[in-house]
>>> print(open('work.pdb').read())   # PDB, C-alpha atoms, pLDDT in the B column
ATOM      1  CA  MET A  14       0.000   0.000   0.000  1.00 71.00           C
ATOM      2  CA  THR A  15       1.359   3.394  -0.950  1.00 81.00           C
ATOM      3  CA  GLU A  16       1.384   6.298   1.501  1.00 83.00           C
ATOM      4  CA  ALA A  17      -1.424   7.966  -0.500  1.00 85.00           C
ATOM      5  CA  GLU A  18      -3.542   4.804  -0.256  1.00 86.00           C
ATOM      6  CA  ARG A  19      -2.906   4.518   3.484  1.00 84.00           C
ATOM      7  CA  ILE A  20      -4.054   8.100   4.001  1.00 88.00           C
ATOM      8  CA  TYR A  21      -7.164   7.482   1.893  1.00 94.00           C
ATOM      9  CA  TYR A  22      -8.262   4.384   3.809  1.00 94.00           C
ATOM     10  CA  ASP A  23      -7.484   5.894   7.202  1.00 94.00           C
ATOM     11  CA  ARG A  24      -9.614   8.928   6.333  1.00 95.00           C
ATOM     12  CA  ARG A  25     -12.351   6.818   4.789  1.00 96.00           C
ATOM     13  CA  ALA A  26     -12.756   4.440   7.727  1.00 97.00           C
ATOM     14  CA  PRO A  27     -15.484   6.417   9.588  1.00 97.00           C
ATOM     15  CA  GLU A  28     -17.602   6.621   6.424  1.00 97.00           C
ATOM     16  CA  TYR A  29     -16.642   3.307   4.773  1.00 97.00           C
ATOM     17  CA  ASP A  30     -19.868   1.507   5.698  1.00 97.00           C
ATOM     18  CA  ASP A  31     -21.904   4.283   4.033  1.00 97.00           C
ATOM     19  CA  TRP A  32     -21.137   2.576   0.701  1.00 97.00           C
ATOM     20  CA  TYR A  33     -22.822  -0.656   1.868  1.00 97.00           C
ATOM     21  CA  LEU A  34     -25.642   1.075   3.756  1.00 97.00           C
ATOM     22  CA  GLY A  35     -26.488   3.713   1.144  1.00 96.00           C
ATOM     23  CA  THR A  36     -25.974   6.552   3.610  1.00 97.00           C
ATOM     24  CA  GLY A  37     -23.746   9.645   3.688  1.00 95.00           C
ATOM     25  CA  LEU A  38     -22.361  10.507   0.261  1.00 93.00           C
ATOM     26  CA  PHE A  39     -24.091   7.407  -1.153  1.00 96.00           C
ATOM     27  CA  ALA A  40     -27.610   8.340  -0.004  1.00 96.00           C
ATOM     28  CA  ALA A  41     -28.521   9.952  -3.336  1.00 94.00           C
ATOM     29  CA  ARG A  42     -27.166   7.140  -5.536  1.00 94.00           C
ATOM     30  CA  VAL A  43     -29.713   5.184  -7.538  1.00 94.00           C
ATOM     31  CA  ARG A  44     -28.746   1.511  -7.167  1.00 96.00           C
ATOM     32  CA  PRO A  45     -31.765  -0.716  -7.887  1.00 96.00           C
ATOM     33  CA  GLY A  46     -31.737  -3.874  -5.791  1.00 97.00           C
ATOM     34  CA  TRP A  47     -28.594  -2.810  -3.901  1.00 97.00           C
ATOM     35  CA  HIS A  48     -29.846  -3.399  -0.343  1.00 97.00           C
ATOM     36  CA  GLU A  49     -31.349  -6.773  -1.259  1.00 97.00           C
ATOM     37  CA  GLU A  50     -28.062  -7.837  -2.829  1.00 97.00           C
ATOM     38  CA  VAL A  51     -26.014  -6.726   0.179  1.00 97.00           C
ATOM     39  CA  GLU A  52     -28.282  -8.895   2.332  1.00 97.00           C
ATOM     40  CA  ALA A  53     -27.936 -11.803  -0.131  1.00 96.00           C
ATOM     41  CA  LEU A  54     -24.154 -11.464   0.126  1.00 95.00           C
ATOM     42  CA  ARG A  55     -24.324 -11.519   3.926  1.00 95.00           C
ATOM     43  CA  ALA A  56     -26.510 -14.647   3.779  1.00 95.00           C
ATOM     44  CA  CYS A  57     -24.032 -16.248   1.374  1.00 93.00           C
ATOM     45  CA  LEU A  58     -21.188 -15.673   3.820  1.00 94.00           C
ATOM     46  CA  ARG A  59     -23.190 -16.986   6.775  1.00 93.00           C
ATOM     47  CA  ALA A  60     -23.750 -20.201   4.779  1.00 92.00           C
ATOM     48  CA  VAL A  61     -20.023 -20.745   4.171  1.00 90.00           C
ATOM     49  CA  SER A  62     -18.774 -23.226   6.762  1.00 87.00           C
ATOM     50  CA  MET A  63     -15.083 -22.849   7.570  1.00 92.00           C
ATOM     51  CA  ARG A  64     -13.175 -23.632  10.765  1.00 94.00           C
ATOM     52  CA  SER A  65     -10.748 -20.734  10.327  1.00 96.00           C
ATOM     53  CA  VAL A  66     -10.862 -17.644   8.123  1.00 97.00           C
ATOM     54  CA  LEU A  67      -8.344 -14.911   7.374  1.00 98.00           C
ATOM     55  CA  ASP A  68     -10.055 -11.850   5.919  1.00 98.00           C
ATOM     56  CA  VAL A  69      -7.389  -9.883   4.066  1.00 98.00           C
ATOM     57  CA  ALA A  70      -8.049  -6.137   3.750  1.00 97.00           C
ATOM     58  CA  CYS A  71     -10.988  -6.625   6.108  1.00 98.00           C
ATOM     59  CA  GLY A  72     -11.709  -2.897   6.356  1.00 97.00           C
ATOM     60  CA  THR A  73     -14.331  -2.196   9.008  1.00 98.00           C
ATOM     61  CA  GLY A  74     -15.302  -5.868   9.240  1.00 97.00           C
ATOM     62  CA  PHE A  75     -18.687  -5.146   7.642  1.00 98.00           C
ATOM     63  CA  LEU A  76     -18.653  -8.511   5.839  1.00 97.00           C
ATOM     64  CA  THR A  77     -16.088 -10.253   8.062  1.00 96.00           C
ATOM     65  CA  GLN A  78     -18.522 -10.382  10.974  1.00 95.00           C
ATOM     66  CA  HIS A  79     -20.774 -12.773   9.031  1.00 95.00           C
ATOM     67  CA  MET A  80     -18.130 -15.492   8.697  1.00 94.00           C
ATOM     68  CA  ALA A  81     -18.292 -18.449  11.076  1.00 89.00           C
ATOM     69  CA  GLY A  82     -15.343 -20.177  12.716  1.00 90.00           C
ATOM     70  CA  HIS A  83     -12.210 -18.569  14.092  1.00 94.00           C
ATOM     71  CA  VAL A  84     -11.859 -15.283  12.181  1.00 96.00           C
ATOM     72  CA  VAL A  85      -8.792 -13.082  11.833  1.00 97.00           C
ATOM     73  CA  GLY A  86      -9.135  -9.698  10.148  1.00 98.00           C
ATOM     74  CA  LEU A  87      -6.036  -8.176   8.575  1.00 98.00           C
ATOM     75  CA  ASP A  88      -5.710  -4.663   7.187  1.00 97.00           C
ATOM     76  CA  GLN A  89      -3.008  -2.022   6.773  1.00 94.00           C
ATOM     77  CA  SER A  90      -5.269   0.768   8.054  1.00 95.00           C
ATOM     78  CA  LEU A  91      -5.344   1.124  11.834  1.00 95.00           C
ATOM     79  CA  SER A  92      -8.469   3.282  11.543  1.00 96.00           C
ATOM     80  CA  MET A  93     -10.286   0.457   9.745  1.00 97.00           C
ATOM     81  CA  LEU A  94      -9.073  -2.098  12.292  1.00 97.00           C
ATOM     82  CA  GLN A  95     -10.344  -0.036  15.225  1.00 96.00           C
ATOM     83  CA  ILE A  96     -13.872  -0.410  13.832  1.00 97.00           C
ATOM     84  CA  ALA A  97     -13.419  -4.063  12.822  1.00 97.00           C
ATOM     85  CA  ARG A  98     -12.224  -4.996  16.320  1.00 96.00           C
ATOM     86  CA  GLY A  99     -15.660  -4.187  17.739  1.00 95.00           C
ATOM     87  CA  ARG A 100     -17.337  -6.425  15.181  1.00 95.00           C
ATOM     88  CA  LEU A 101     -15.191  -9.483  15.823  1.00 93.00           C
ATOM     89  CA  PRO A 102     -15.479 -10.116  19.573  1.00 86.00           C
ATOM     90  CA  GLY A 103     -14.612 -13.792  19.104  1.00 83.00           C
ATOM     91  CA  GLY A 104     -11.821 -13.187  16.625  1.00 84.00           C
ATOM     92  CA  CYS A 105      -8.865 -10.889  16.323  1.00 94.00           C
ATOM     93  CA  VAL A 106      -7.573  -8.144  14.061  1.00 97.00           C
ATOM     94  CA  LEU A 107      -4.050  -7.205  13.143  1.00 96.00           C
ATOM     95  CA  GLN A 108      -2.196  -4.791  10.942  1.00 96.00           C
ATOM     96  CA  GLY A 109      -0.339  -6.396   8.058  1.00 95.00           C
ATOM     97  CA  ASN A 110       0.604  -6.478   4.397  1.00 94.00           C
ATOM     98  CA  ALA A 111      -1.696  -8.497   2.105  1.00 95.00           C
ATOM     99  CA  LEU A 112       1.204  -9.353  -0.197  1.00 95.00           C
ATOM    100  CA  ARG A 113       3.450 -10.638   2.623  1.00 96.00           C
ATOM    101  CA  LEU A 114       1.101 -12.395   5.004  1.00 97.00           C
ATOM    102  CA  PRO A 115       2.605 -13.079   8.457  1.00 96.00           C
ATOM    103  CA  PHE A 116       1.350 -16.684   8.654  1.00 97.00           C
ATOM    104  CA  PRO A 117       2.768 -20.130   7.850  1.00 97.00           C
ATOM    105  CA  ALA A 118       1.619 -22.190   4.881  1.00 97.00           C
ATOM    106  CA  GLY A 119      -1.897 -23.621   5.239  1.00 97.00           C
ATOM    107  CA  ALA A 120      -2.594 -21.640   8.402  1.00 97.00           C
ATOM    108  CA  PHE A 121      -6.258 -21.029   7.506  1.00 98.00           C
ATOM    109  CA  GLU A 122      -8.973 -23.140   5.986  1.00 97.00           C
ATOM    110  CA  CYS A 123     -10.126 -20.099   4.027  1.00 97.00           C
ATOM    111  CA  LEU A 124      -8.588 -16.810   2.994  1.00 98.00           C
ATOM    112  CA  MET A 125     -11.196 -14.200   2.102  1.00 98.00           C
ATOM    113  CA  ALA A 126     -10.672 -10.912   0.260  1.00 98.00           C
ATOM    114  CA  ALA A 127     -13.692  -8.635  -0.167  1.00 97.00           C
ATOM    115  CA  HIS A 128     -13.367  -5.568  -2.415  1.00 97.00           C
ATOM    116  CA  PHE A 129      -9.579  -5.748  -2.318  1.00 97.00           C
ATOM    117  CA  TYR A 130      -8.762  -7.990  -5.281  1.00 98.00           C
ATOM    118  CA  GLY A 131     -10.306  -5.510  -7.736  1.00 97.00           C
ATOM    119  CA  HIS A 132      -7.966  -2.758  -6.535  1.00 97.00           C
ATOM    120  CA  LEU A 133      -4.938  -4.725  -7.760  1.00 97.00           C
ATOM    121  CA  ASP A 134      -3.647  -4.639 -11.324  1.00 96.00           C
ATOM    122  CA  HIS A 135      -3.077  -7.908 -13.202  1.00 95.00           C
ATOM    123  CA  THR A 136       0.487  -8.401 -11.952  1.00 97.00           C
ATOM    124  CA  MET A 137      -0.417  -7.636  -8.343  1.00 96.00           C
ATOM    125  CA  ARG A 138      -3.475  -9.931  -8.498  1.00 97.00           C
ATOM    126  CA  ALA A 139      -1.236 -12.841  -9.545  1.00 97.00           C
ATOM    127  CA  ARG A 140       1.176 -12.024  -6.718  1.00 97.00           C
ATOM    128  CA  PHE A 141      -1.649 -11.794  -4.197  1.00 98.00           C
ATOM    129  CA  LEU A 142      -3.190 -15.105  -5.306  1.00 98.00           C
ATOM    130  CA  ALA A 143       0.135 -16.894  -4.880  1.00 97.00           C
ATOM    131  CA  GLU A 144       0.367 -15.608  -1.309  1.00 97.00           C
ATOM    132  CA  ALA A 145      -3.328 -16.313  -0.626  1.00 98.00           C
ATOM    133  CA  ARG A 146      -2.963 -19.918  -1.811  1.00 97.00           C
ATOM    134  CA  ARG A 147       0.099 -20.352   0.363  1.00 98.00           C
ATOM    135  CA  VAL A 148      -1.736 -19.329   3.534  1.00 98.00           C
ATOM    136  CA  GLY A 149      -5.299 -20.456   2.805  1.00 97.00           C
ATOM    137  CA  GLN A 150      -6.441 -23.915   1.826  1.00 97.00           C
ATOM    138  CA  ARG A 151      -9.281 -22.207  -0.061  1.00 97.00           C
ATOM    139  CA  VAL A 152      -9.544 -18.677  -1.437  1.00 98.00           C
ATOM    140  CA  LEU A 153     -12.810 -16.707  -1.420  1.00 98.00           C
ATOM    141  CA  VAL A 154     -12.969 -13.435  -3.354  1.00 98.00           C
ATOM    142  CA  ILE A 155     -15.841 -10.944  -3.314  1.00 98.00           C
ATOM    143  CA  ASP A 156     -15.722  -7.953  -5.601  1.00 98.00           C
ATOM    144  CA  ALA A 157     -17.668  -5.569  -7.809  1.00 98.00           C
ATOM    145  CA  ALA A 158     -19.556  -7.027 -10.756  1.00 98.00           C
ATOM    146  CA  TRP A 159     -18.856  -5.733 -14.251  1.00 97.00           C
ATOM    147  CA  ARG A 160     -21.936  -3.967 -15.618  1.00 94.00           C
ATOM    148  CA  ASP A 161     -22.584  -2.399 -19.019  1.00 91.00           C
ATOM    149  CA  GLU A 162     -22.387   1.124 -17.614  1.00 91.00           C
ATOM    150  CA  VAL A 163     -18.822   0.782 -16.264  1.00 93.00           C
ATOM    151  CA  LEU A 164     -15.487   0.130 -17.917  1.00 95.00           C
ATOM    152  CA  PRO A 165     -13.859  -3.183 -16.948  1.00 96.00           C
ATOM    153  CA  GLU A 166     -11.012  -1.237 -15.362  1.00 96.00           C
ATOM    154  CA  GLU A 167     -10.480   2.411 -14.561  1.00 96.00           C
ATOM    155  CA  VAL A 168      -8.808   4.888 -12.271  1.00 96.00           C
ATOM    156  CA  GLN A 169     -11.499   6.509 -10.155  1.00 95.00           C
ATOM    157  CA  GLU A 170     -11.526   9.763  -8.235  1.00 96.00           C
ATOM    158  CA  ARG A 171     -13.007   9.290  -4.777  1.00 95.00           C
ATOM    159  CA  VAL A 172     -14.214  12.236  -2.712  1.00 95.00           C
ATOM    160  CA  LEU A 173     -14.622  11.931   1.058  1.00 96.00           C
ATOM    161  CA  LEU A 174     -16.856  13.848   3.447  1.00 94.00           C
ATOM    162  CA  ASP A 175     -13.938  16.081   4.399  1.00 95.00           C
ATOM    163  CA  GLY A 176     -13.672  17.163   0.742  1.00 95.00           C
ATOM    164  CA  SER A 177     -10.372  15.391   0.123  1.00 95.00           C
ATOM    165  CA  ARG A 178      -9.917  13.734  -3.280  1.00 96.00           C
ATOM    166  CA  HIS A 179      -8.127  10.448  -3.904  1.00 96.00           C
ATOM    167  CA  THR A 180      -7.427   8.280  -6.952  1.00 95.00           C
ATOM    168  CA  VAL A 181      -8.031   4.526  -6.812  1.00 95.00           C
ATOM    169  CA  TYR A 182      -7.513   1.783  -9.414  1.00 96.00           C
ATOM    170  CA  LYS A 183     -10.623  -0.374  -9.854  1.00 97.00           C
ATOM    171  CA  ARG A 184     -11.227  -3.598 -11.814  1.00 97.00           C
ATOM    172  CA  TYR A 185     -14.697  -5.111 -12.284  1.00 98.00           C
ATOM    173  CA  PHE A 186     -15.368  -8.808 -12.967  1.00 98.00           C
ATOM    174  CA  THR A 187     -18.001 -10.999 -14.573  1.00 97.00           C
ATOM    175  CA  PRO A 188     -18.578 -14.222 -12.616  1.00 97.00           C
ATOM    176  CA  ALA A 189     -16.764 -16.184 -15.345  1.00 97.00           C
ATOM    177  CA  GLN A 190     -13.765 -13.827 -15.297  1.00 97.00           C
ATOM    178  CA  LEU A 191     -13.374 -14.019 -11.547  1.00 97.00           C
ATOM    179  CA  ALA A 192     -13.788 -17.808 -11.511  1.00 97.00           C
ATOM    180  CA  ALA A 193     -11.163 -18.150 -14.259  1.00 97.00           C
ATOM    181  CA  GLU A 194      -8.640 -15.918 -12.478  1.00 96.00           C
ATOM    182  CA  LEU A 195      -9.051 -17.988  -9.335  1.00 96.00           C
ATOM    183  CA  GLY A 196      -8.388 -21.159 -11.324  1.00 95.00           C
ATOM    184  CA  GLY A 197     -11.818 -22.592 -12.071  1.00 91.00           C
ATOM    185  CA  ALA A 198     -13.488 -21.395  -8.893  1.00 94.00           C
ATOM    186  CA  ARG A 199     -17.092 -22.077  -7.908  1.00 96.00           C
ATOM    187  CA  VAL A 200     -19.267 -18.974  -8.169  1.00 97.00           C
ATOM    188  CA  LEU A 201     -21.133 -18.330  -4.902  1.00 96.00           C
ATOM    189  CA  HIS A 202     -22.872 -15.097  -5.891  1.00 96.00           C
ATOM    190  CA  ALA A 203     -23.488 -13.492  -9.276  1.00 97.00           C
ATOM    191  CA  GLY A 204     -25.513 -10.307  -9.049  1.00 96.00           C
ATOM    192  CA  ARG A 205     -25.746  -6.926 -10.668  1.00 97.00           C
ATOM    193  CA  TRP A 206     -23.522  -5.327  -8.034  1.00 98.00           C
ATOM    194  CA  PHE A 207     -21.367  -8.096  -6.559  1.00 98.00           C
ATOM    195  CA  VAL A 208     -19.685 -11.318  -7.564  1.00 98.00           C
ATOM    196  CA  ALA A 209     -18.191 -13.936  -5.239  1.00 97.00           C
ATOM    197  CA  ALA A 210     -16.244 -17.079  -6.011  1.00 97.00           C
ATOM    198  CA  VAL A 211     -14.302 -19.689  -4.025  1.00 97.00           C
ATOM    199  CA  ALA A 212     -11.492 -21.951  -5.184  1.00 96.00           C
TER     200      ALA A 212
END
>>> encode(input="work.pdb", output="structure tokens")
Amino acid sequence: MTEAERIYYDRRAPEYDDWYLGTGLFAARVRPGWHEEVEALRACLRAVSMRSVLDVACGTGFLTQHMAGHVVGLDQSLSMLQIARGRLPGGCVLQGNALRLPFPAGAFECLMAAHFYGHLDHTMRARFLAEARRVGQRVLVIDAAWRDEVLPEEVQERVLLDGSRHTVYKRYFTPAQLAAELGGARVLHAGRWFVAAVA
């Protein structure tokens, strides 16, 4: 994570959940079926049975809290982790680098990455997957679905409540694209807004 990215995520932490909840700067966005799909994604995660889960780039733990088993949330942003800690009373959170995970091989039954994978370019995604497969026996990725109205990849400008502006790389995926990148993964969710697959 670059210094600019660290600053962005630290500043965004208090308003991060607004994106999921449709509040704050996202209150005026027209996203048909959004809330129903967020709930479907939560239900999907609650149905995944794993003994141990490492959620890489867990953010505020908005999705992490729905995973069963022993859960560890990892993120580089301390501001995000402060919020996630309150959502994982039975688990733990720690600061760390997603590309150099501080765990031995096969340490977790599942490694999950939600809305992180799509912020990596092709080379970094391959590097991340190698590390994810080293640490997790299975890899679960949740990200933004590719829709007709968005480019498959772009650099976005993000504006926060404090008026600060930040640039972020973003890649969108069809279910087939995500499954292929994960090596023939099983698609768990294929909606207008989100896609999830496990390999």
>>> resolve_selection(input="work.pdb", expression="the PyMOL selection byres ((chain A and resi 82-93) around 9)", output="ChimeraX atom specification")
/A:14,19-20,22-27,29,62-74,77-78,80-81,94-98,101,103-111
>>> write_last_selection(input="work.pdb", atoms="C-alpha atoms", output="PDB file, in the frame of the given file")
ATOM      1  CA  MET A  14       0.000   0.000   0.000  1.00 71.00           C
ATOM      2  CA  ARG A  19      -2.906   4.518   3.484  1.00 84.00           C
ATOM      3  CA  ILE A  20      -4.054   8.100   4.001  1.00 88.00           C
ATOM      4  CA  TYR A  22      -8.262   4.384   3.809  1.00 94.00           C
ATOM      5  CA  ASP A  23      -7.484   5.894   7.202  1.00 94.00           C
ATOM      6  CA  ARG A  24      -9.614   8.928   6.333  1.00 95.00           C
ATOM      7  CA  ARG A  25     -12.351   6.818   4.789  1.00 96.00           C
ATOM      8  CA  ALA A  26     -12.756   4.440   7.727  1.00 97.00           C
ATOM      9  CA  PRO A  27     -15.484   6.417   9.588  1.00 97.00           C
ATOM     10  CA  TYR A  29     -16.642   3.307   4.773  1.00 97.00           C
ATOM     11  CA  SER A  62     -18.774 -23.226   6.762  1.00 87.00           C
ATOM     12  CA  MET A  63     -15.083 -22.849   7.570  1.00 92.00           C
ATOM     13  CA  ARG A  64     -13.175 -23.632  10.765  1.00 94.00           C
ATOM     14  CA  SER A  65     -10.748 -20.734  10.327  1.00 96.00           C
ATOM     15  CA  VAL A  66     -10.862 -17.644   8.123  1.00 97.00           C
ATOM     16  CA  LEU A  67      -8.344 -14.911   7.374  1.00 98.00           C
ATOM     17  CA  ASP A  68     -10.055 -11.850   5.919  1.00 98.00           C
ATOM     18  CA  VAL A  69      -7.389  -9.883   4.066  1.00 98.00           C
ATOM     19  CA  ALA A  70      -8.049  -6.137   3.750  1.00 97.00           C
ATOM     20  CA  CYS A  71     -10.988  -6.625   6.108  1.00 98.00           C
ATOM     21  CA  GLY A  72     -11.709  -2.897   6.356  1.00 97.00           C
ATOM     22  CA  THR A  73     -14.331  -2.196   9.008  1.00 98.00           C
ATOM     23  CA  GLY A  74     -15.302  -5.868   9.240  1.00 97.00           C
ATOM     24  CA  THR A  77     -16.088 -10.253   8.062  1.00 96.00           C
ATOM     25  CA  GLN A  78     -18.522 -10.382  10.974  1.00 95.00           C
ATOM     26  CA  MET A  80     -18.130 -15.492   8.697  1.00 94.00           C
ATOM     27  CA  ALA A  81     -18.292 -18.449  11.076  1.00 89.00           C
ATOM     28  CA  LEU A  94      -9.073  -2.098  12.292  1.00 97.00           C
ATOM     29  CA  GLN A  95     -10.344  -0.036  15.225  1.00 96.00           C
ATOM     30  CA  ILE A  96     -13.872  -0.410  13.832  1.00 97.00           C
ATOM     31  CA  ALA A  97     -13.419  -4.063  12.822  1.00 97.00           C
ATOM     32  CA  ARG A  98     -12.224  -4.996  16.320  1.00 96.00           C
ATOM     33  CA  LEU A 101     -15.191  -9.483  15.823  1.00 93.00           C
ATOM     34  CA  GLY A 103     -14.612 -13.792  19.104  1.00 83.00           C
ATOM     35  CA  GLY A 104     -11.821 -13.187  16.625  1.00 84.00           C
ATOM     36  CA  CYS A 105      -8.865 -10.889  16.323  1.00 94.00           C
ATOM     37  CA  VAL A 106      -7.573  -8.144  14.061  1.00 97.00           C
ATOM     38  CA  LEU A 107      -4.050  -7.205  13.143  1.00 96.00           C
ATOM     39  CA  GLN A 108      -2.196  -4.791  10.942  1.00 96.00           C
ATOM     40  CA  GLY A 109      -0.339  -6.396   8.058  1.00 95.00           C
ATOM     41  CA  ASN A 110       0.604  -6.478   4.397  1.00 94.00           C
ATOM     42  CA  ALA A 111      -1.696  -8.497   2.105  1.00 95.00           C
TER      43      ALA A 111
END
>>> residues_around(input="work.pdb", residues="Tyr21 of chain A", least_positions_apart="5", cutoff="10 Å", atoms="only C-alpha atoms", output="list in words")
Thr15, Glu16, Ala26, Ser90, Arg171, Val172, Leu173, Ser177, Arg178, His179, Thr180 and Val181 of chain A
>>> resolve_selection(input="work.pdb", expression="the PyMOL selection byres ((chain A and resi 202) around 12)", output="mmCIF file with C-alpha atoms, in the frame of the given file")
data_model
loop_
_atom_site.group_PDB
_atom_site.id
_atom_site.type_symbol
_atom_site.label_atom_id
_atom_site.label_comp_id
_atom_site.auth_asym_id
_atom_site.auth_seq_id
_atom_site.Cartn_x
_atom_site.Cartn_y
_atom_site.Cartn_z
ATOM 1 C CA GLU A 50 -28.062 -7.837 -2.829
ATOM 2 C CA VAL A 51 -26.014 -6.726 0.179
ATOM 3 C CA GLU A 52 -28.282 -8.895 2.332
ATOM 4 C CA ALA A 53 -27.936 -11.803 -0.131
ATOM 5 C CA LEU A 54 -24.154 -11.464 0.126
ATOM 6 C CA ARG A 55 -24.324 -11.519 3.926
ATOM 7 C CA ALA A 56 -26.510 -14.647 3.779
ATOM 8 C CA CYS A 57 -24.032 -16.248 1.374
ATOM 9 C CA LEU A 58 -21.188 -15.673 3.820
ATOM 10 C CA ALA A 60 -23.750 -20.201 4.779
ATOM 11 C CA VAL A 61 -20.023 -20.745 4.171
ATOM 12 C CA LEU A 153 -12.810 -16.707 -1.420
ATOM 13 C CA VAL A 154 -12.969 -13.435 -3.354
ATOM 14 C CA ILE A 155 -15.841 -10.944 -3.314
ATOM 15 C CA ASP A 156 -15.722 -7.953 -5.601
ATOM 16 C CA ALA A 157 -17.668 -5.569 -7.809
ATOM 17 C CA ALA A 158 -19.556 -7.027 -10.756
ATOM 18 C CA THR A 187 -18.001 -10.999 -14.573
ATOM 19 C CA PRO A 188 -18.578 -14.222 -12.616
ATOM 20 C CA ALA A 189 -16.764 -16.184 -15.345
ATOM 21 C CA LEU A 191 -13.374 -14.019 -11.547
ATOM 22 C CA ALA A 192 -13.788 -17.808 -11.511
ATOM 23 C CA ALA A 198 -13.488 -21.395 -8.893
ATOM 24 C CA ARG A 199 -17.092 -22.077 -7.908
ATOM 25 C CA VAL A 200 -19.267 -18.974 -8.169
ATOM 26 C CA LEU A 201 -21.133 -18.330 -4.902
ATOM 27 C CA ALA A 203 -23.488 -13.492 -9.276
ATOM 28 C CA GLY A 204 -25.513 -10.307 -9.049
ATOM 29 C CA ARG A 205 -25.746 -6.926 -10.668
ATOM 30 C CA TRP A 206 -23.522 -5.327 -8.034
ATOM 31 C CA PHE A 207 -21.367 -8.096 -6.559
ATOM 32 C CA VAL A 208 -19.685 -11.318 -7.564
ATOM 33 C CA ALA A 209 -18.191 -13.936 -5.239
ATOM 34 C CA ALA A 210 -16.244 -17.079 -6.011
ATOM 35 C CA VAL A 211 -14.302 -19.689 -4.025
#
>>> closest_residue(input="work.pdb", among="A:Ala212, A:Val43, A:Arg146, A:Asp30", to="Phe121 of chain A", atoms="all atoms listed in the file")
A:Arg146
>>> atom_distance(input="work.pdb", atom1="atom CA of Glu18 of chain A", atom2="atom CA of Thr136 of chain A")
18.1 Å
>>> closest_residue(input="work.pdb", among="A:Leu34, A:Ala139, A:Leu133, A:Val148", to="Pro117 of chain A", atoms="all atoms listed in the file")
A:Val148
>>> atom_distance(input="work.pdb", atom1="atom CA of Arg42 of chain A", atom2="atom CA of Arg100 of chain A")
26.6 Å
>>> atom_distance(input="work.pdb", atom1="atom CA of Tyr185 of chain A", atom2="atom CA of Ala126 of chain A")
14.4 Å
